[in-house]
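Right, one structure below, let's go through it.
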Amino acid sequence: MDFSIGIKGQDYVILAEDMNAAHSIILNQQDHTKMLDLNDHLLLARTGELGDGVQCAEYLQKNIQLYQLRNGYEMRSNAAANYIRKYLADSIRSQEPMNVNILLAAYDTISKEPQLYYIDYMGSMATVPFAAHGHGALFSLGIIDRYYSRSMSRDEALSVLKKCIVELKKRFIVNYTSFNVQVVDSQGIHQLDRIVA
């Protein structure tokens, strides 16, 4: 029942994700963060099975950091996205596949452009202007499609995120209490105020 959403602007990418940690119908925690900094300009938001998500995200984080230590420079956003895609594609074909969907927000310091990658558990990947994973995507993608503009400011993007959360609160049976919101830009990764539903 996880939900993550991302919007790419001209010079930033905003990611938001619910903070519930649940197993089946049991809610274990309401302040669990599912986002992970892979490096200074790569932010991963995950949905799916809790154990798979933690293991996958930490494995990816440590291997991307190892790449930087070995080579002396950070992995570029498209290389990181393809590495993650390959990892998930190999996982689905293994004896113990992982049920993890990923939104990867990045700012490429060489091309000076933000990127948002949609990667699912099957290993398919797309570069998109906005995306969502989870059951909440059914309610939010239409709202984002209606209000999205490539030139929208951060405040406008946050306003669209809030509209999506209001719609979830009104129409979805799962009670999301708060959302963790972070932004990736040329200065790095920044934590924004939580959105309380």
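Following the order of the structure tokens, first chain is A, next is B, and so on, with residues numbered from 1 inside each chain and ligands from 1 in the order they appear.
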
From a DSSP pass on the backbone, collect the residues of stretch 1-162 of chain A flagged as helix (DSSP H, G or I) and hand them back as a short mmCIF file (atom, residue, chain, number, x, y, z; two decimals) with all heavy atoms, in the first residue's frame.
data_model
loop_
_atom_site.label_atom_id
_atom_site.label_comp_id
_atom_site.auth_asym_id
_atom_site.auth_seq_id
_atom_site.Cartn_x
_atom_site.Cartn_y
_atom_site.Cartn_z
N LEU A 50 8.42 -4.26 2.21
CA LEU A 50 9.29 -3.50 3.11
C LEU A 50 10.70 -4.07 3.20
O LEU A 50 11.68 -3.36 3.03
CB LEU A 50 8.65 -3.42 4.50
CG LEU A 50 9.28 -2.46 5.48
CD1 LEU A 50 9.30 -1.05 4.94
CD2 LEU A 50 8.54 -2.50 6.80
N GLY A 51 10.82 -5.37 3.44
CA GLY A 51 12.14 -6.00 3.54
C GLY A 51 12.92 -5.93 2.24
O GLY A 51 14.11 -5.60 2.23
N ASP A 52 12.24 -6.23 1.12
CA ASP A 52 12.89 -6.13 -0.18
C ASP A 52 13.36 -4.71 -0.45
O ASP A 52 14.45 -4.48 -0.98
CB ASP A 52 11.92 -6.55 -1.30
CG ASP A 52 11.66 -8.04 -1.33
OD1 ASP A 52 12.36 -8.79 -0.61
OD2 ASP A 52 10.77 -8.46 -2.08
N GLY A 53 12.52 -3.74 -0.10
CA GLY A 53 12.85 -2.34 -0.37
C GLY A 53 14.07 -1.88 0.39
O GLY A 53 14.94 -1.21 -0.18
N VAL A 54 14.15 -2.23 1.66
CA VAL A 54 15.30 -1.83 2.48
C VAL A 54 16.57 -2.49 1.94
O VAL A 54 17.59 -1.83 1.74
CB VAL A 54 15.08 -2.19 3.96
CG1 VAL A 54 16.36 -1.98 4.76
CG2 VAL A 54 13.94 -1.37 4.54
N GLN A 55 16.51 -3.79 1.69
CA GLN A 55 17.69 -4.51 1.19
C GLN A 55 18.14 -3.97 -0.16
O GLN A 55 19.32 -3.71 -0.38
CB GLN A 55 17.38 -6.00 1.08
CG GLN A 55 18.55 -6.80 0.57
CD GLN A 55 18.21 -8.28 0.38
OE1 GLN A 55 17.14 -8.73 0.74
NE2 GLN A 55 19.13 -9.01 -0.20
N CYS A 56 17.20 -3.77 -1.06
CA CYS A 56 17.52 -3.27 -2.41
C CYS A 56 18.13 -1.87 -2.34
O CYS A 56 19.17 -1.61 -2.95
CB CYS A 56 16.25 -3.27 -3.26
SG CYS A 56 16.45 -2.58 -4.90
N ALA A 57 17.49 -0.97 -1.60
CA ALA A 57 17.96 0.42 -1.54
C ALA A 57 19.35 0.52 -0.92
O ALA A 57 20.21 1.25 -1.43
CB ALA A 57 16.96 1.26 -0.76
N GLU A 58 19.57 -0.22 0.15
CA GLU A 58 20.89 -0.16 0.79
C GLU A 58 21.97 -0.77 -0.09
O GLU A 58 23.09 -0.26 -0.16
CB GLU A 58 20.85 -0.84 2.15
CG GLU A 58 20.08 -0.04 3.18
CD GLU A 58 20.00 -0.70 4.54
OE1 GLU A 58 20.46 -1.86 4.69
OE2 GLU A 58 19.46 -0.07 5.47
N TYR A 59 21.66 -1.86 -0.78
CA TYR A 59 22.61 -2.48 -1.71
C TYR A 59 22.98 -1.49 -2.81
O TYR A 59 24.16 -1.32 -3.14
CB TYR A 59 22.00 -3.75 -2.30
CG TYR A 59 22.86 -4.41 -3.36
CD1 TYR A 59 23.87 -5.29 -3.00
CD2 TYR A 59 22.67 -4.13 -4.71
CE1 TYR A 59 24.66 -5.89 -3.96
CE2 TYR A 59 23.47 -4.72 -5.68
CZ TYR A 59 24.46 -5.60 -5.29
OH TYR A 59 25.25 -6.18 -6.26
N LEU A 60 21.98 -0.84 -3.39
CA LEU A 60 22.23 0.12 -4.46
C LEU A 60 23.04 1.31 -3.95
O LEU A 60 23.99 1.76 -4.61
CB LEU A 60 20.91 0.60 -5.07
CG LEU A 60 20.11 -0.47 -5.81
CD1 LEU A 60 18.72 0.04 -6.13
CD2 LEU A 60 20.82 -0.91 -7.07
N GLN A 61 22.69 1.82 -2.77
CA GLN A 61 23.42 2.95 -2.20
C GLN A 61 24.90 2.61 -2.00
O GLN A 61 25.78 3.38 -2.40
CB GLN A 61 22.81 3.35 -0.86
CG GLN A 61 23.50 4.52 -0.20
CD GLN A 61 23.03 4.77 1.21
OE1 GLN A 61 22.86 3.83 1.99
NE2 GLN A 61 22.80 6.03 1.55
N LYS A 62 25.17 1.46 -1.41
CA LYS A 62 26.56 1.09 -1.13
C LYS A 62 27.36 0.84 -2.41
O LYS A 62 28.53 1.19 -2.48
CB LYS A 62 26.62 -0.14 -0.22
CG LYS A 62 25.98 0.05 1.13
CD LYS A 62 26.47 1.29 1.84
CE LYS A 62 25.75 1.49 3.15
NZ LYS A 62 25.86 2.84 3.67
N ASN A 63 26.74 0.26 -3.43
CA ASN A 63 27.45 0.01 -4.67
C ASN A 63 27.69 1.29 -5.47
O ASN A 63 28.73 1.43 -6.13
CB ASN A 63 26.72 -1.03 -5.51
CG ASN A 63 27.07 -2.43 -5.07
OD1 ASN A 63 28.15 -2.92 -5.34
ND2 ASN A 63 26.17 -3.06 -4.33
N ILE A 64 26.78 2.23 -5.40
CA ILE A 64 27.01 3.52 -6.08
C ILE A 64 28.08 4.31 -5.34
O ILE A 64 28.91 4.97 -5.97
CB ILE A 64 25.67 4.29 -6.20
CG1 ILE A 64 24.81 3.60 -7.27
CG2 ILE A 64 25.90 5.76 -6.54
CD1 ILE A 64 23.41 4.12 -7.42
N GLN A 65 28.14 4.21 -4.01
CA GLN A 65 29.22 4.84 -3.25
C GLN A 65 30.56 4.16 -3.53
O GLN A 65 31.60 4.82 -3.63
CB GLN A 65 28.90 4.82 -1.77
CG GLN A 65 27.78 5.75 -1.39
CD GLN A 65 27.35 5.60 0.06
OE1 GLN A 65 27.78 4.69 0.77
NE2 GLN A 65 26.47 6.49 0.50
N LEU A 66 30.55 2.83 -3.68
CA LEU A 66 31.77 2.10 -4.02
C LEU A 66 32.29 2.53 -5.39
O LEU A 66 33.50 2.69 -5.58
CB LEU A 66 31.51 0.59 -4.00
CG LEU A 66 32.69 -0.31 -4.37
CD1 LEU A 66 33.83 -0.14 -3.39
CD2 LEU A 66 32.24 -1.76 -4.43
N TYR A 67 31.39 2.75 -6.34
CA TYR A 67 31.78 3.23 -7.67
C TYR A 67 32.53 4.56 -7.55
O TYR A 67 33.56 4.76 -8.19
CB TYR A 67 30.52 3.41 -8.54
CG TYR A 67 30.80 3.97 -9.91
CD1 TYR A 67 31.02 3.12 -10.98
CD2 TYR A 67 30.82 5.34 -10.12
CE1 TYR A 67 31.27 3.63 -12.25
CE2 TYR A 67 31.08 5.86 -11.38
CZ TYR A 67 31.30 5.01 -12.44
OH TYR A 67 31.56 5.52 -13.69
N GLN A 68 32.02 5.45 -6.69
CA GLN A 68 32.66 6.76 -6.51
C GLN A 68 34.04 6.60 -5.88
O GLN A 68 35.00 7.27 -6.28
CB GLN A 68 31.79 7.66 -5.66
CG GLN A 68 32.36 9.05 -5.48
CD GLN A 68 31.45 9.98 -4.72
OE1 GLN A 68 30.31 9.62 -4.41
NE2 GLN A 68 31.91 11.16 -4.41
N LEU A 69 34.17 5.71 -4.90
CA LEU A 69 35.47 5.50 -4.26
C LEU A 69 36.49 4.91 -5.23
O LEU A 69 37.66 5.30 -5.23
CB LEU A 69 35.32 4.57 -3.05
CG LEU A 69 34.59 5.15 -1.84
CD1 LEU A 69 34.35 4.08 -0.79
CD2 LEU A 69 35.40 6.31 -1.25
N ARG A 70 36.06 3.98 -6.06
CA ARG A 70 36.97 3.33 -7.01
C ARG A 70 37.40 4.27 -8.13
O ARG A 70 38.54 4.21 -8.60
CB ARG A 70 36.31 2.11 -7.62
CG ARG A 70 36.27 0.93 -6.72
CD ARG A 70 35.67 -0.26 -7.43
NE ARG A 70 35.73 -1.44 -6.58
CZ ARG A 70 35.06 -2.55 -6.83
NH1 ARG A 70 34.29 -2.65 -7.90
NH2 ARG A 70 35.17 -3.57 -6.01
N ASN A 71 36.48 5.12 -8.60
CA ASN A 71 36.75 5.93 -9.78
C ASN A 71 37.07 7.39 -9.48
O ASN A 71 37.56 8.09 -10.36
CB ASN A 71 35.55 5.86 -10.74
CG ASN A 71 35.34 4.45 -11.24
OD1 ASN A 71 36.19 3.89 -11.92
ND2 ASN A 71 34.22 3.85 -10.87
N SER A 77 23.64 10.37 -13.57
CA SER A 77 22.26 9.95 -13.33
C SER A 77 21.80 8.85 -14.28
O SER A 77 21.17 7.89 -13.86
CB SER A 77 21.33 11.15 -13.40
OG SER A 77 21.39 11.77 -14.66
N ASN A 78 22.12 8.98 -15.57
CA ASN A 78 21.67 7.93 -16.51
C ASN A 78 22.38 6.61 -16.26
O ASN A 78 21.79 5.54 -16.42
CB ASN A 78 21.81 8.39 -17.96
CG ASN A 78 23.25 8.70 -18.35
OD1 ASN A 78 24.11 8.90 -17.49
ND2 ASN A 78 23.50 8.79 -19.64
N ALA A 79 23.63 6.65 -15.83
CA ALA A 79 24.36 5.43 -15.51
C ALA A 79 23.77 4.77 -14.26
O ALA A 79 23.59 3.55 -14.22
CB ALA A 79 25.84 5.73 -15.29
N ALA A 80 23.43 5.57 -13.26
CA ALA A 80 22.83 5.04 -12.04
C ALA A 80 21.46 4.43 -12.34
O ALA A 80 21.13 3.35 -11.85
CB ALA A 80 22.70 6.14 -10.99
N ALA A 81 20.67 5.10 -13.15
CA ALA A 81 19.34 4.59 -13.50
C ALA A 81 19.45 3.26 -14.24
O ALA A 81 18.70 2.31 -13.97
CB ALA A 81 18.58 5.61 -14.33
N ASN A 82 20.39 3.16 -15.16
CA ASN A 82 20.57 1.91 -15.90
C ASN A 82 21.14 0.81 -15.01
O ASN A 82 20.79 -0.36 -15.18
CB ASN A 82 21.45 2.14 -17.13
CG ASN A 82 20.68 2.75 -18.26
OD1 ASN A 82 19.86 2.09 -18.89
ND2 ASN A 82 20.91 4.03 -18.52
N TYR A 83 21.99 1.17 -14.07
CA TYR A 83 22.49 0.19 -13.11
C TYR A 83 21.35 -0.38 -12.26
O TYR A 83 21.24 -1.59 -12.05
CB TYR A 83 23.57 0.84 -12.22
CG TYR A 83 24.04 -0.05 -11.10
CD1 TYR A 83 24.84 -1.16 -11.37
CD2 TYR A 83 23.66 0.19 -9.79
CE1 TYR A 83 25.26 -1.99 -10.33
CE2 TYR A 83 24.08 -0.63 -8.76
CZ TYR A 83 24.88 -1.71 -9.04
OH TYR A 83 25.28 -2.53 -8.03
N ILE A 84 20.47 0.51 -11.78
CA ILE A 84 19.33 0.08 -10.96
C ILE A 84 18.38 -0.78 -11.80
O ILE A 84 17.89 -1.81 -11.34
CB ILE A 84 18.61 1.30 -10.37
CG1 ILE A 84 19.52 2.00 -9.36
CG2 ILE A 84 17.28 0.92 -9.75
CD1 ILE A 84 19.05 3.37 -8.92
N ARG A 85 18.12 -0.36 -13.03
CA ARG A 85 17.25 -1.13 -13.92
C ARG A 85 17.79 -2.53 -14.14
O ARG A 85 17.07 -3.51 -14.06
CB ARG A 85 17.10 -0.41 -15.27
CG ARG A 85 16.05 -1.05 -16.18
CD ARG A 85 16.39 -0.93 -17.65
NE ARG A 85 17.59 -1.65 -18.04
CZ ARG A 85 17.65 -2.97 -18.21
NH1 ARG A 85 16.60 -3.73 -18.01
NH2 ARG A 85 18.78 -3.54 -18.57
N LYS A 86 19.09 -2.64 -14.39
CA LYS A 86 19.71 -3.95 -14.61
C LYS A 86 19.63 -4.81 -13.35
O LYS A 86 19.36 -6.02 -13.43
CB LYS A 86 21.16 -3.75 -15.03
CG LYS A 86 21.99 -5.01 -15.15
CD LYS A 86 21.82 -5.67 -16.49
CE LYS A 86 22.87 -6.70 -16.78
NZ LYS A 86 22.66 -7.98 -16.13
N TYR A 87 19.85 -4.20 -12.20
CA TYR A 87 19.77 -4.94 -10.93
C TYR A 87 18.37 -5.53 -10.74
O TYR A 87 18.22 -6.70 -10.38
CB TYR A 87 20.14 -4.01 -9.77
CG TYR A 87 20.01 -4.67 -8.42
CD1 TYR A 87 20.91 -5.64 -8.01
CD2 TYR A 87 18.97 -4.34 -7.57
CE1 TYR A 87 20.78 -6.25 -6.77
CE2 TYR A 87 18.83 -4.95 -6.34
CZ TYR A 87 19.74 -5.90 -5.94
OH TYR A 87 19.60 -6.51 -4.73
N LEU A 88 17.33 -4.73 -10.98
CA LEU A 88 15.96 -5.22 -10.81
C LEU A 88 15.59 -6.23 -11.89
O LEU A 88 14.87 -7.19 -11.63
CB LEU A 88 14.98 -4.05 -10.80
CG LEU A 88 15.06 -3.16 -9.56
CD1 LEU A 88 14.14 -1.96 -9.70
CD2 LEU A 88 14.73 -3.94 -8.30
N ALA A 89 16.07 -6.03 -13.12
CA ALA A 89 15.81 -6.99 -14.20
C ALA A 89 16.45 -8.34 -13.88
O ALA A 89 15.84 -9.39 -14.12
CB ALA A 89 16.32 -6.45 -15.53
N ASP A 90 17.65 -8.33 -13.34
CA ASP A 90 18.31 -9.58 -12.94
C ASP A 90 17.58 -10.22 -11.75
O ASP A 90 17.45 -11.44 -11.67
CB ASP A 90 19.77 -9.34 -12.56
CG ASP A 90 20.64 -9.01 -13.77
OD1 ASP A 90 20.19 -9.24 -14.92
OD2 ASP A 90 21.76 -8.50 -13.57
N SER A 91 17.10 -9.38 -10.84
CA SER A 91 16.41 -9.89 -9.65
C SER A 91 15.13 -10.63 -10.01
O SER A 91 14.85 -11.69 -9.45
CB SER A 91 16.08 -8.72 -8.71
OG SER A 91 15.21 -9.14 -7.70
N ILE A 92 14.36 -10.10 -10.94
CA ILE A 92 13.08 -10.73 -11.29
C ILE A 92 13.30 -12.10 -11.95
O ILE A 92 12.43 -12.96 -11.91
CB ILE A 92 12.23 -9.80 -12.19
CG1 ILE A 92 10.76 -10.23 -12.23
CG2 ILE A 92 12.75 -9.74 -13.60
CD1 ILE A 92 10.03 -10.03 -10.96
N ALA A 137 -1.32 6.08 -7.25
CA ALA A 137 -1.10 6.57 -8.62
C ALA A 137 -2.40 6.63 -9.41
O ALA A 137 -2.57 7.49 -10.28
CB ALA A 137 -0.08 5.68 -9.33
N LEU A 138 -3.32 5.74 -9.09
CA LEU A 138 -4.60 5.72 -9.79
C LEU A 138 -5.36 7.03 -9.60
O LEU A 138 -6.11 7.44 -10.48
CB LEU A 138 -5.45 4.55 -9.30
CG LEU A 138 -4.84 3.16 -9.46
CD1 LEU A 138 -5.66 2.13 -8.71
CD2 LEU A 138 -4.73 2.81 -10.93
N PHE A 139 -5.19 7.67 -8.46
CA PHE A 139 -5.90 8.90 -8.16
C PHE A 139 -5.10 10.14 -8.53
O PHE A 139 -5.67 11.19 -8.79
CB PHE A 139 -6.24 8.96 -6.67
CG PHE A 139 -7.04 7.79 -6.20
CD1 PHE A 139 -6.44 6.79 -5.45
CD2 PHE A 139 -8.38 7.67 -6.52
CE1 PHE A 139 -7.17 5.70 -5.01
CE2 PHE A 139 -9.12 6.57 -6.09
CZ PHE A 139 -8.51 5.59 -5.34
N SER A 140 -3.78 10.04 -8.51
CA SER A 140 -2.95 11.24 -8.63
C SER A 140 -2.46 11.55 -10.04
O SER A 140 -2.25 12.71 -10.37
CB SER A 140 -1.75 11.14 -7.70
OG SER A 140 -0.98 10.00 -8.01
N LEU A 141 -2.29 10.55 -10.90
CA LEU A 141 -1.72 10.83 -12.22
C LEU A 141 -2.62 11.74 -13.06
O LEU A 141 -2.12 12.59 -13.80
CB LEU A 141 -1.44 9.52 -12.97
CG LEU A 141 -0.21 8.77 -12.46
CD1 LEU A 141 -0.07 7.43 -13.16
CD2 LEU A 141 1.06 9.59 -12.61
N GLY A 142 -3.93 11.59 -12.96
CA GLY A 142 -4.83 12.47 -13.70
C GLY A 142 -4.73 13.91 -13.23
O GLY A 142 -4.79 14.85 -14.04
N ILE A 143 -4.57 14.10 -11.92
CA ILE A 143 -4.44 15.45 -11.37
C ILE A 143 -3.14 16.10 -11.84
O ILE A 143 -3.13 17.25 -12.28
CB ILE A 143 -4.51 15.41 -9.83
CG1 ILE A 143 -5.90 14.96 -9.38
CG2 ILE A 143 -4.15 16.77 -9.22
CD1 ILE A 143 -6.01 14.64 -7.93
N ILE A 144 -2.05 15.34 -11.77
CA ILE A 144 -0.76 15.88 -12.21
C ILE A 144 -0.81 16.20 -13.70
O ILE A 144 -0.33 17.24 -14.15
CB ILE A 144 0.40 14.91 -11.92
CG1 ILE A 144 0.51 14.65 -10.43
CG2 ILE A 144 1.71 15.49 -12.42
CD1 ILE A 144 1.51 13.59 -10.08
N ASP A 145 -1.40 15.31 -14.49
CA ASP A 145 -1.49 15.52 -15.93
C ASP A 145 -2.24 16.82 -16.25
O ASP A 145 -1.88 17.54 -17.17
CB ASP A 145 -2.18 14.33 -16.59
CG ASP A 145 -2.13 14.40 -18.10
OD1 ASP A 145 -1.04 14.65 -18.64
OD2 ASP A 145 -3.19 14.21 -18.73
N ARG A 146 -3.26 17.10 -15.46
CA ARG A 146 -4.06 18.31 -15.70
C ARG A 146 -3.28 19.58 -15.36
O ARG A 146 -3.36 20.58 -16.07
CB ARG A 146 -5.32 18.26 -14.88
CG ARG A 146 -6.18 19.48 -15.06
CD ARG A 146 -7.49 19.38 -14.36
NE ARG A 146 -8.26 20.58 -14.63
CZ ARG A 146 -9.40 20.83 -14.08
NH1 ARG A 146 -9.94 19.97 -13.24
NH2 ARG A 146 -10.05 21.93 -14.35
N TYR A 147 -2.53 19.58 -14.26
CA TYR A 147 -1.89 20.80 -13.78
C TYR A 147 -0.40 20.91 -14.11
O TYR A 147 0.20 21.95 -13.86
CB TYR A 147 -2.07 20.91 -12.26
CG TYR A 147 -3.50 21.10 -11.84
CD1 TYR A 147 -4.20 20.05 -11.25
CD2 TYR A 147 -4.15 22.30 -12.03
CE1 TYR A 147 -5.52 20.21 -10.86
CE2 TYR A 147 -5.46 22.47 -11.65
CZ TYR A 147 -6.14 21.42 -11.06
OH TYR A 147 -7.45 21.58 -10.69
N ARG A 154 8.64 25.61 -7.93
CA ARG A 154 8.60 24.62 -6.85
C ARG A 154 7.31 24.75 -6.04
O ARG A 154 6.73 23.75 -5.65
CB ARG A 154 9.79 24.79 -5.92
CG ARG A 154 11.08 24.34 -6.54
CD ARG A 154 12.20 24.43 -5.56
NE ARG A 154 13.45 24.36 -6.28
CZ ARG A 154 14.62 24.18 -5.72
NH1 ARG A 154 14.71 24.05 -4.43
NH2 ARG A 154 15.70 24.11 -6.44
N ASP A 155 6.90 25.98 -5.79
CA ASP A 155 5.66 26.18 -5.03
C ASP A 155 4.46 25.64 -5.79
O ASP A 155 3.55 25.06 -5.19
CB ASP A 155 5.47 27.66 -4.71
CG ASP A 155 6.49 28.18 -3.70
OD1 ASP A 155 7.01 27.35 -2.92
OD2 ASP A 155 6.75 29.39 -3.70
N GLU A 156 4.44 25.81 -7.10
CA GLU A 156 3.34 25.27 -7.91
C GLU A 156 3.36 23.74 -7.89
O GLU A 156 2.31 23.10 -7.80
CB GLU A 156 3.42 25.79 -9.34
CG GLU A 156 3.12 27.27 -9.47
CD GLU A 156 3.43 27.82 -10.85
OE1 GLU A 156 4.35 27.29 -11.52
OE2 GLU A 156 2.76 28.78 -11.26
N ALA A 157 4.55 23.16 -7.95
CA ALA A 157 4.66 21.69 -7.89
C ALA A 157 4.19 21.18 -6.53
O ALA A 157 3.50 20.16 -6.46
CB ALA A 157 6.10 21.27 -8.17
N LEU A 158 4.56 21.86 -5.47
CA LEU A 158 4.09 21.47 -4.13
C LEU A 158 2.57 21.59 -4.03
O LEU A 158 1.91 20.76 -3.40
CB LEU A 158 4.75 22.33 -3.06
CG LEU A 158 6.17 21.92 -2.68
CD1 LEU A 158 6.81 22.96 -1.76
CD2 LEU A 158 6.18 20.56 -2.01
N SER A 159 2.02 22.61 -4.66
CA SER A 159 0.56 22.78 -4.67
C SER A 159 -0.13 21.60 -5.38
O SER A 159 -1.15 21.09 -4.92
CB SER A 159 0.20 24.09 -5.35
OG SER A 159 -1.18 24.22 -5.50
N VAL A 160 0.46 21.14 -6.48
CA VAL A 160 -0.08 19.99 -7.20
C VAL A 160 0.03 18.73 -6.34
O VAL A 160 -0.91 17.92 -6.27
CB VAL A 160 0.62 19.80 -8.57
CG1 VAL A 160 0.20 18.50 -9.22
CG2 VAL A 160 0.33 20.98 -9.49
N LEU A 161 1.17 18.57 -5.65
CA LEU A 161 1.32 17.43 -4.74
C LEU A 161 0.24 17.44 -3.66
O LEU A 161 -0.35 16.41 -3.34
CB LEU A 161 2.69 17.45 -4.07
CG LEU A 161 3.88 16.97 -4.87
CD1 LEU A 161 5.16 17.13 -4.06
CD2 LEU A 161 3.71 15.54 -5.29
N LYS A 162 -0.03 18.61 -3.12
CA LYS A 162 -1.05 18.72 -2.08
C LYS A 162 -2.43 18.38 -2.62
O LYS A 162 -3.24 17.76 -1.92
CB LYS A 162 -1.01 20.11 -1.46
CG LYS A 162 0.22 20.33 -0.58
CD LYS A 162 0.30 21.73 -0.04
CE LYS A 162 1.59 21.92 0.76
NZ LYS A 162 1.79 23.28 1.21
#

Test item: residues at most 10 Å from A:Met19, only C-alpha atoms, excluding those fewer than 4 positions along its chain, as a ChimeraX atom specification: /A:2-4,29-35,176-180,194

From A:His190, A:Lys169, A:His135, A:Arg150, residue lying nearest A:Gln10 [only C-alpha atoms]: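 Among the listed residues, A:Arg150 lies closest to A:Gln10.
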
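Distances here use only C-alpha atoms; by that measure, the residue among A:Ile189, A:Val181, A:Ile119, A:Leu36 closest to A:Ala106 is A:Ile189.
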
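Here atom CA of A:His41 is placed at a distance of 25.8 Å from atom CA of A:Ala21.
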
Let me make sure I understand: among A:Val166, A:Leu192, A:Leu43, A:Ala16, which one has the smallest atom-to-atom distance to A:Asp108 if we use only C-alpha atoms?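 Result for the nearest residue to A:Asp108: A:Leu43.
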
Fewer than 4 positions away in the same chain doesn't count, so skip those; otherwise give me all residues within 7 Å of A:Ile7, counting only C-alpha atoms, as a list of chain:residue names.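 Using only C-alpha atoms, the neighbours found are A:Val13, A:Ile14, A:Leu15, A:Pro129, A:Phe130, A:Ala131, A:Ala157.
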
Quick one: everything within 9 Å of A:Met1, counting only C-alpha atoms, minus sequence neighbours fewer than 2 positions away in the same chain. Send it as a list in words.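 Within the cut-off, the hits are Phe3, Asn20, Ala22, Ser24, Thr47, Gly48, Gly134, His135, Gly136 and Val174 of chain A.
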